[in-house]
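What follows is the content of entry11.csv (CSV, C-alpha atoms).
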```csv
chain,number,residue,atom,x,y,z
M,91,MET,CA,249.5,45.7,-74.9
M,92,PRO,CA,248.4,48.9,-76.5
M,93,TYR,CA,244.9,49.1,-75.1
M,94,THR,CA,243.7,50.2,-71.7
M,95,LEU,CA,240.0,50.1,-71.0
M,96,LEU,CA,238.7,52.5,-68.2
M,97,ILE,CA,235.7,50.8,-66.7
M,98,GLY,CA,233.3,51.5,-63.9
M,99,GLU,CA,231.8,49.2,-61.3
M,100,TYR,CA,231.7,45.5,-62.3
M,101,ALA,CA,228.4,44.9,-60.6
M,102,TYR,CA,226.6,48.0,-62.0
M,103,SER,CA,228.3,49.5,-65.1
M,104,ASP,CA,226.5,48.0,-68.1
M,105,HIS,CA,228.4,49.9,-70.7
M,106,SER,CA,231.7,48.9,-69.1
M,107,PHE,CA,230.5,45.3,-69.2
M,108,ARG,CA,229.8,45.6,-73.0
M,109,GLY,CA,233.2,47.1,-73.5
M,110,TRP,CA,234.9,44.4,-71.6
M,111,LEU,CA,233.1,41.7,-73.6
M,112,GLU,CA,234.0,43.4,-76.9
M,113,LEU,CA,237.7,43.0,-76.0
M,114,ASP,CA,238.0,40.0,-73.7
M,115,ALA,CA,235.6,37.7,-75.6
M,116,PHE,CA,237.5,38.2,-78.8
M,117,ASP,CA,241.0,37.6,-77.4
M,118,ILE,CA,242.1,41.2,-77.9
M,119,PRO,CA,244.8,42.0,-75.3
M,120,PHE,CA,244.0,44.9,-73.0
M,121,LYS,CA,244.4,46.2,-69.4
M,122,PRO,CA,241.3,47.0,-67.5
M,123,ASN,CA,241.6,50.1,-65.3
M,124,TYR,CA,238.8,50.4,-62.7
M,125,VAL,CA,237.6,53.9,-62.0
M,126,PRO,CA,235.1,54.2,-59.0
M,127,LEU,CA,231.9,55.9,-60.0
M,128,PHE,CA,230.8,59.0,-58.0
M,129,SER,CA,234.4,59.7,-57.0
M,130,GLU,CA,237.0,62.4,-57.4
M,131,GLU,CA,239.0,60.0,-59.6
M,132,PHE,CA,236.0,59.6,-61.9
M,133,THR,CA,235.7,63.4,-62.2
M,134,GLU,CA,239.4,63.7,-62.9
M,135,LYS,CA,239.3,61.0,-65.6
M,136,MET,CA,236.4,62.6,-67.3
M,137,SER,CA,238.1,65.9,-67.3
M,138,ALA,CA,241.4,64.4,-68.6
M,139,HIS,CA,239.5,62.6,-71.5
M,140,ALA,CA,236.9,65.2,-72.4
M,141,PRO,CA,234.4,65.2,-74.0
M,142,ALA,CA,233.9,61.8,-72.4
M,143,LYS,CA,231.1,61.9,-69.7
M,144,SER,CA,230.9,58.2,-68.9
M,145,LEU,CA,232.7,54.9,-69.0
M,146,PRO,CA,234.1,52.9,-70.7
M,147,ILE,CA,236.9,54.8,-72.4
M,148,LEU,CA,239.3,53.0,-74.7
M,149,LEU,CA,242.9,54.3,-74.5
M,150,ASP,CA,245.9,53.5,-76.7
M,151,GLU,CA,249.2,55.2,-75.9
M,152,THR,CA,250.3,54.7,-79.5
M,153,SER,CA,247.5,56.8,-80.9
M,154,ARG,CA,247.7,60.5,-81.7
M,155,THR,CA,245.6,61.6,-78.7
M,156,GLY,CA,245.9,58.6,-76.5
M,157,VAL,CA,242.1,58.2,-76.5
M,158,LEU,CA,240.6,56.0,-79.1
M,159,SER,CA,237.0,56.1,-78.1
M,160,TRP,CA,234.8,57.5,-75.4
M,161,GLU,CA,231.5,56.2,-76.8
M,162,PRO,CA,230.5,52.5,-76.8
M,163,ALA,CA,229.3,52.2,-80.4
M,164,ALA,CA,232.4,54.0,-81.6
M,165,THR,CA,234.6,51.6,-79.5
M,166,LEU,CA,233.1,48.6,-81.3
M,167,GLU,CA,233.6,50.2,-84.7
M,168,ILE,CA,237.2,50.9,-83.9
M,169,LEU,CA,237.8,47.3,-82.7
M,170,VAL,CA,236.2,45.8,-85.7
M,171,GLY,CA,238.3,48.0,-88.0
M,172,ARG,CA,241.5,47.2,-86.2
M,173,HIS,CA,240.8,43.5,-85.7
M,174,PRO,CA,238.8,42.4,-88.7
M,175,HIS,CA,239.4,38.7,-88.0
M,176,ALA,CA,238.6,38.7,-84.3
M,177,GLY,CA,235.0,37.5,-85.0
M,178,HIS,CA,232.9,40.4,-83.8
M,179,TRP,CA,230.5,39.7,-86.7
M,180,PRO,CA,229.5,36.4,-88.2
M,181,ASP,CA,231.2,35.4,-91.4
M,182,ASP,CA,227.9,34.8,-93.1
M,183,GLN,CA,226.8,38.1,-94.7
M,184,GLU,CA,223.1,37.7,-93.9
M,185,MET,CA,223.8,36.7,-90.3
M,186,SER,CA,226.3,39.6,-90.0
M,187,ALA,CA,223.6,42.1,-91.2
M,188,HIS,CA,221.1,40.7,-88.7
M,189,ALA,CA,223.7,40.8,-85.9
M,190,ARG,CA,224.5,44.5,-86.6
M,191,ALA,CA,220.8,45.4,-86.6
M,192,LEU,CA,220.1,43.6,-83.3
M,193,THR,CA,223.2,45.2,-81.7
M,194,ALA,CA,221.8,48.6,-82.7
M,195,ARG,CA,218.4,47.7,-81.2
M,196,ALA,CA,220.0,46.5,-78.0
M,197,ARG,CA,221.7,49.9,-77.5
M,198,THR,CA,218.5,52.0,-78.2
M,199,ASP,CA,215.4,49.8,-77.4
M,200,PHE,CA,214.0,48.2,-74.2
M,201,GLN,CA,214.6,51.5,-72.3
M,202,ALA,CA,212.2,50.7,-69.5
M,203,LEU,CA,214.1,47.4,-68.8
M,204,GLN,CA,217.5,49.1,-69.3
M,205,ASN,CA,216.5,51.9,-66.9
M,206,LEU,CA,216.5,49.4,-64.1
M,207,PRO,CA,220.0,49.4,-62.7
M,208,MET,CA,222.2,46.5,-63.7
M,209,ASN,CA,223.0,44.8,-60.4
M,210,LEU,CA,225.0,41.6,-60.3
M,211,HIS,CA,225.0,41.6,-56.5
M,212,ALA,CA,221.2,41.2,-56.2
M,213,ARG,CA,218.5,38.6,-57.0
M,214,TYR,CA,215.1,40.2,-56.1
M,215,ALA,CA,212.2,37.8,-55.3
M,216,ARG,CA,209.4,40.3,-55.0
M,217,TYR,CA,210.1,43.0,-57.5
M,218,VAL,CA,206.8,44.4,-59.0
M,219,PRO,CA,207.6,45.7,-62.6
M,220,THR,CA,205.8,48.6,-64.3
M,221,LYS,CA,203.7,47.9,-67.3
M,222,SER,CA,206.5,49.2,-69.6
M,223,GLU,CA,209.0,47.0,-67.9
M,224,GLU,CA,206.8,44.0,-68.3
M,225,GLU,CA,206.3,44.8,-72.0
M,226,ASP,CA,210.1,45.1,-72.5
M,227,ALA,CA,210.7,41.9,-70.5
M,228,ASP,CA,208.3,40.1,-73.0
M,229,ALA,CA,209.7,41.7,-76.1
M,230,PHE,CA,213.3,41.3,-75.4
M,231,PRO,CA,213.2,37.4,-75.1
M,232,GLU,CA,211.1,37.4,-78.3
M,233,LEU,CA,213.9,39.1,-80.1
M,234,LEU,CA,216.4,36.7,-78.7
M,235,GLY,CA,214.2,33.8,-79.8
M,236,TRP,CA,213.9,35.1,-83.3
M,237,ALA,CA,217.7,35.4,-83.6
M,238,LEU,CA,218.3,31.9,-82.2
M,239,ASP,CA,215.7,30.4,-84.5
M,240,THR,CA,217.2,32.2,-87.5
M,241,SER,CA,220.7,31.2,-86.8
M,242,GLY,CA,220.3,27.8,-85.1
M,243,GLY,CA,222.3,29.1,-82.0
M,244,PRO,CA,223.6,28.4,-79.4
M,245,TYR,CA,224.7,32.1,-79.6
M,246,LEU,CA,222.4,34.7,-81.2
M,247,PHE,CA,223.9,34.3,-84.7
M,248,GLY,CA,225.5,30.9,-84.8
M,249,SER,CA,228.1,28.8,-83.0
M,250,ALA,CA,230.3,31.7,-82.0
M,251,PHE,CA,229.9,34.5,-79.6
M,252,SER,CA,229.5,37.8,-81.5
M,253,ALA,CA,229.2,41.5,-80.7
M,254,ALA,CA,225.4,41.0,-80.7
M,255,ASP,CA,225.8,38.7,-77.7
M,256,ALA,CA,228.0,41.3,-76.0
M,257,ALA,CA,225.3,44.0,-76.6
M,258,VAL,CA,222.4,42.0,-75.1
M,259,ALA,CA,224.4,40.6,-72.1
M,260,PRO,CA,223.7,43.5,-69.7
M,261,ILE,CA,220.0,43.5,-70.6
M,262,ALA,CA,219.8,39.7,-70.0
M,263,THR,CA,221.2,40.2,-66.5
M,264,ARG,CA,218.1,42.4,-65.6
M,265,LEU,CA,215.8,39.6,-66.4
M,266,VAL,CA,217.7,37.5,-63.8
M,267,THR,CA,218.3,40.2,-61.2
M,268,TYR,CA,214.7,41.3,-61.1
M,269,GLY,CA,213.1,37.9,-61.3
M,270,PHE,CA,211.3,38.1,-64.6
M,271,THR,CA,209.8,34.9,-65.9
M,272,ILE,CA,212.0,33.5,-68.8
M,273,HIS,CA,210.7,30.8,-71.0
M,274,ASN,CA,212.0,28.2,-73.5
M,275,THR,CA,214.6,29.3,-76.0
M,276,ALA,CA,215.5,32.5,-74.2
M,277,LYS,CA,216.1,30.7,-70.9
M,278,SER,CA,218.5,28.2,-72.6
M,279,TYR,CA,220.3,31.1,-74.3
M,280,ILE,CA,220.8,33.0,-71.0
M,281,GLU,CA,222.3,29.8,-69.5
M,282,THR,CA,224.7,29.7,-72.5
M,283,LEU,CA,225.5,33.4,-72.0
M,284,TYR,CA,226.2,33.1,-68.3
M,285,ALA,CA,228.5,30.1,-69.1
M,286,HIS,CA,230.7,32.0,-71.5
M,287,PRO,CA,234.2,32.5,-70.1
M,288,SER,CA,234.3,36.2,-70.5
M,289,PHE,CA,230.9,36.6,-68.9
M,290,ARG,CA,232.1,34.4,-66.0
M,291,ARG,CA,235.3,36.5,-65.6
M,292,TRP,CA,233.3,39.7,-65.4
M,293,HIS,CA,230.9,38.3,-62.9
M,294,ALA,CA,233.8,37.0,-60.8
M,295,CYS,CA,235.1,40.5,-60.7
M,296,ALA,CA,231.7,41.8,-59.6
M,297,ASP,CA,231.7,39.2,-56.8
M,298,ALA,CA,235.1,40.3,-55.7
M,299,GLN,CA,234.3,44.0,-55.7
M,300,LEU,CA,233.0,44.9,-52.2
M,301,ARG,CA,231.8,48.4,-52.9
M,302,LYS,CA,228.0,48.8,-52.7
M,303,ILE,CA,226.2,51.7,-54.3
M,304,GLU,CA,223.0,52.0,-52.3
M,305,CYS,CA,221.1,54.0,-54.8
M,306,TRP,CA,221.1,51.1,-57.2
M,307,HIS,CA,219.7,48.6,-54.8
M,308,LYS,CA,216.0,48.0,-54.1
M,309,ASP,CA,214.6,47.7,-50.6
M,310,LEU,CA,213.5,44.1,-51.3
M,311,PRO,CA,214.5,40.6,-50.2
M,312,SER,CA,217.4,39.4,-52.3
M,313,GLY,CA,218.5,35.8,-52.8
M,314,SER,CA,221.9,34.5,-53.7
M,315,ASN,CA,223.5,35.8,-56.9
M,316,LYS,CA,225.2,32.4,-57.3
M,317,ALA,CA,221.9,30.7,-58.2
M,318,TRP,CA,220.6,29.9,-61.7
M,319,PRO,CA,221.8,30.6,-64.4
M,320,ARG,CA,225.2,30.6,-62.9
M,321,HIS,CA,227.4,27.5,-62.9
M,322,SER,CA,229.1,25.5,-60.2
M,323,VAL,CA,232.6,26.6,-59.2
M,324,LEU,CA,235.6,25.0,-57.6
M,325,PRO,CA,235.5,25.1,-53.8
M,326,ALA,CA,237.5,28.0,-52.5
M,327,GLN,CA,238.2,29.8,-49.2
M,328,PRO,CA,240.7,32.4,-47.8
M,329,HIS,CA,244.0,30.9,-46.5
M,330,SER,CA,245.7,32.2,-43.4
M,331,GLY,CA,249.3,31.1,-43.4
M,332,GLU,CA,252.7,31.9,-44.8
M,333,ILE,CA,253.5,32.9,-48.4
M,334,SER,CA,255.6,29.7,-48.6
M,335,ASP,CA,252.3,27.8,-48.4
M,336,ALA,CA,251.4,28.9,-51.9
M,337,ILE,CA,252.3,26.8,-54.9
M,338,ASN,CA,253.2,30.0,-56.8
M,339,ALA,CA,255.4,33.0,-56.1
M,340,PHE,CA,253.8,35.5,-58.5
M,341,CYS,CA,250.2,36.6,-59.0
M,342,PRO,CA,248.5,34.8,-61.9
M,343,TYR,CA,246.9,38.1,-63.0
M,344,SER,CA,249.6,40.7,-62.6
M,345,GLY,CA,252.8,38.8,-62.4
M,346,LEU,CA,253.6,40.7,-59.2
M,347,PRO,CA,254.9,39.0,-56.1
M,348,VAL,CA,252.4,37.2,-53.9
M,349,ASP,CA,251.2,39.1,-50.8
M,350,ILE,CA,250.6,37.5,-47.4
M,351,ASP,CA,247.1,39.0,-47.2
M,352,SER,CA,246.1,37.5,-50.5
M,353,LEU,CA,246.2,33.7,-50.2
M,354,ALA,CA,243.4,31.3,-51.1
M,355,GLU,CA,242.8,27.6,-51.0
M,356,ILE,CA,241.2,26.7,-54.2
M,357,ASN,CA,240.2,23.0,-54.8
M,358,GLY,CA,242.6,22.1,-52.0
M,359,VAL,CA,245.6,24.0,-53.4
M,360,VAL,CA,247.0,27.2,-51.8
M,361,ILE,CA,247.5,29.9,-54.4
M,362,GLY,CA,248.8,33.4,-53.8
M,363,PHE,CA,247.8,36.7,-55.4
M,364,CYS,CA,249.2,40.2,-55.3
M,365,ASN,CA,246.2,41.9,-53.6
M,366,PRO,CA,242.9,41.0,-52.0
M,367,PHE,CA,240.8,41.9,-55.0
M,368,CYS,CA,242.8,39.5,-57.2
M,369,CYS,CA,242.4,36.8,-54.5
M,370,ARG,CA,238.6,37.3,-54.2
M,371,ARG,CA,238.0,37.1,-58.0
M,372,GLY,CA,240.2,34.0,-58.2
M,373,MET,CA,238.1,32.4,-55.4
M,374,ALA,CA,234.9,33.5,-57.0
M,375,ASP,CA,235.4,31.4,-60.2
M,376,ALA,CA,238.8,29.9,-60.6
M,377,GLN,CA,237.8,27.9,-63.7
M,378,SER,CA,237.1,31.1,-65.7
M,379,TRP,CA,240.7,32.3,-65.4
M,380,PRO,CA,243.2,30.3,-67.6
M,381,THR,CA,246.2,31.6,-65.6
M,382,VAL,CA,244.7,30.4,-62.3
M,383,MET,CA,243.9,27.0,-63.8
M,384,ALA,CA,247.4,26.7,-65.2
M,385,ILE,CA,248.7,26.9,-61.6
M,386,LEU,CA,246.1,24.4,-60.3
M,387,ASP,CA,247.0,22.0,-63.1
M,388,LYS,CA,250.6,21.9,-61.9
M,389,ALA,CA,249.6,21.0,-58.4
```

Show me this structure written as structure tokens.
Amino acid sequence: MPYTLLIGEYAYSDHSFRGWLELDAFDIPFKPNYVPLFSEEFTEKMSAHAPAKSLPILLDETSRTGVLSWEPAATLEILVGRHPHAGHWPDDQEMSAHARALTARARTDFQALQNLPMNLHARYARYVPTKSEEEDADAFPELLGWALDTSGGPYLFGSAFSAADAAVAPIATRLVTYGFTIHNTAKSYIETLYAHPSFRRWHACADAQLRKIECWHKDLPSGSNKAWPRHSVLPAQPHSGEISDAINAFCPYSGLPVDIDSLAEINGVVIGFCNPFCCRRGMADAQSWPTVMAILDKA
């Protein structure tokens, strides 16, 4: 596994979210390495990988410097070059050109909307947007609708998830978090986006991450982040018992031995994990993790 992706907070780091999708959604093996924002570790990582000033950072120990990319657009370019058949762009030349153009727009446009913090922990019911935010919240779904009408969907440029879908995913979460009205084609697309396995895995990690960054929360009533457009999940709860209660001896994520503090009952089956974070993300959405489901299927 040559790649390590340094990422920030699952609930808040939109660029890290894009980086994750550009790897995970295209079956490119990598190891995510969480670096807490506003921490000494973050400062150390940025110093060690200068001139990087933000996350994600793509590392490859086999490369000359060890750092492949410290800028999101460059990361995508590197991955496409190294993995030309992974499917980042549609095979159809015209759709590929449109996908590249929309991806560029997603990185540079809709700044009022993107200046709102991504927050997968919150669902605000009374957020009052500025005029610029309202304009972006109207224009962004229009662009999604154009792409879907052009390609026939269900993803932006056809039947397969592309880099364009990865680019718009963090913006789409703002429409949900801040309670913007979403109509017709865009609403159906956002449901499709939230159902994608890689999107689900990232959101499960956000659910599992307990750290809250107060400056990125609004002082407003917030409903459950498990409501629409999220899907139903298998019933799960922490399990207090012995390691021997678990059907497995090794963590389905890391392969490390199961820990007594990291047991969960998922769909009636006790599964063990190597640490509490792994346990929480397994409970958050077991169906999004093939390694967890492989254990459940043996029960």

Next item on the list: Identify, on the basis of all atoms listed in the file, every residue whose closest approach to M:Leu96 does not exceed 7 Å; exclude the query and any residue fewer than 3 positions from it along the same chain; express the result as a list in words.
Entry: Pro122, Asn123, Tyr124, Val125, Leu145, Pro146, Ile147 and Leu148 of chain M

Note to self: With distances taken over all atoms listed in the file, which residue among M:Leu203, M:Ala298, M:Ala215, M:Leu310 lies nearest M:Arg264?
What the structure shows: M:Leu203

Check: Which residue gives the smallest distance to M:Thr275 among M:Asp309, M:Asp239, M:Asp199, M:Glu224, with all atoms listed in the file counted?
Finding: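 When distances to M:Thr275 are compared using all atoms listed in the file, the smallest one comes from M:Asp239.
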
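The shortest atom-to-atom distance to M:Ala336, with only C-alpha atoms taken into account, belongs to M:Val348 out of M:Val348, M:Ala176, M:Leu300, M:Leu324.
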
Next item on the list: Name all residues at most 9 Å from M:Ala354 (count only C-alpha atoms; drop same-chain ones fewer than 5 positions away) and give them as a PyMOL selection string.
Entry: chain M and resi 326-330+336+359-363+369-370+372-373

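Each of M:Tyr93, M:Ala254, M:Trp160, M:Ser288 was compared to M:Met136 using all atoms listed in the file, and M:Trp160 turns out to be the nearest.
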
Check: Can you tell me, as a PyMOL selection string, what residues are no more than 12 Å from M:Phe230 when counting all atoms listed in the file, ignoring any on the same chain fewer than 2 positions away?
Finding: chain M and resi 192+195-196+199-204+222-228+232-237+258-259+261-265+270-273+276-277

Next item on the list: Using all atoms listed in the file, pick whichever of M:Tyr268, M:Trp318, M:Trp179, M:Phe251 has the shortest atom-to-atom distance to M:Tyr214.
Entry: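 Using all atoms listed in the file, the shortest distance to M:Tyr214 belongs to M:Tyr268.
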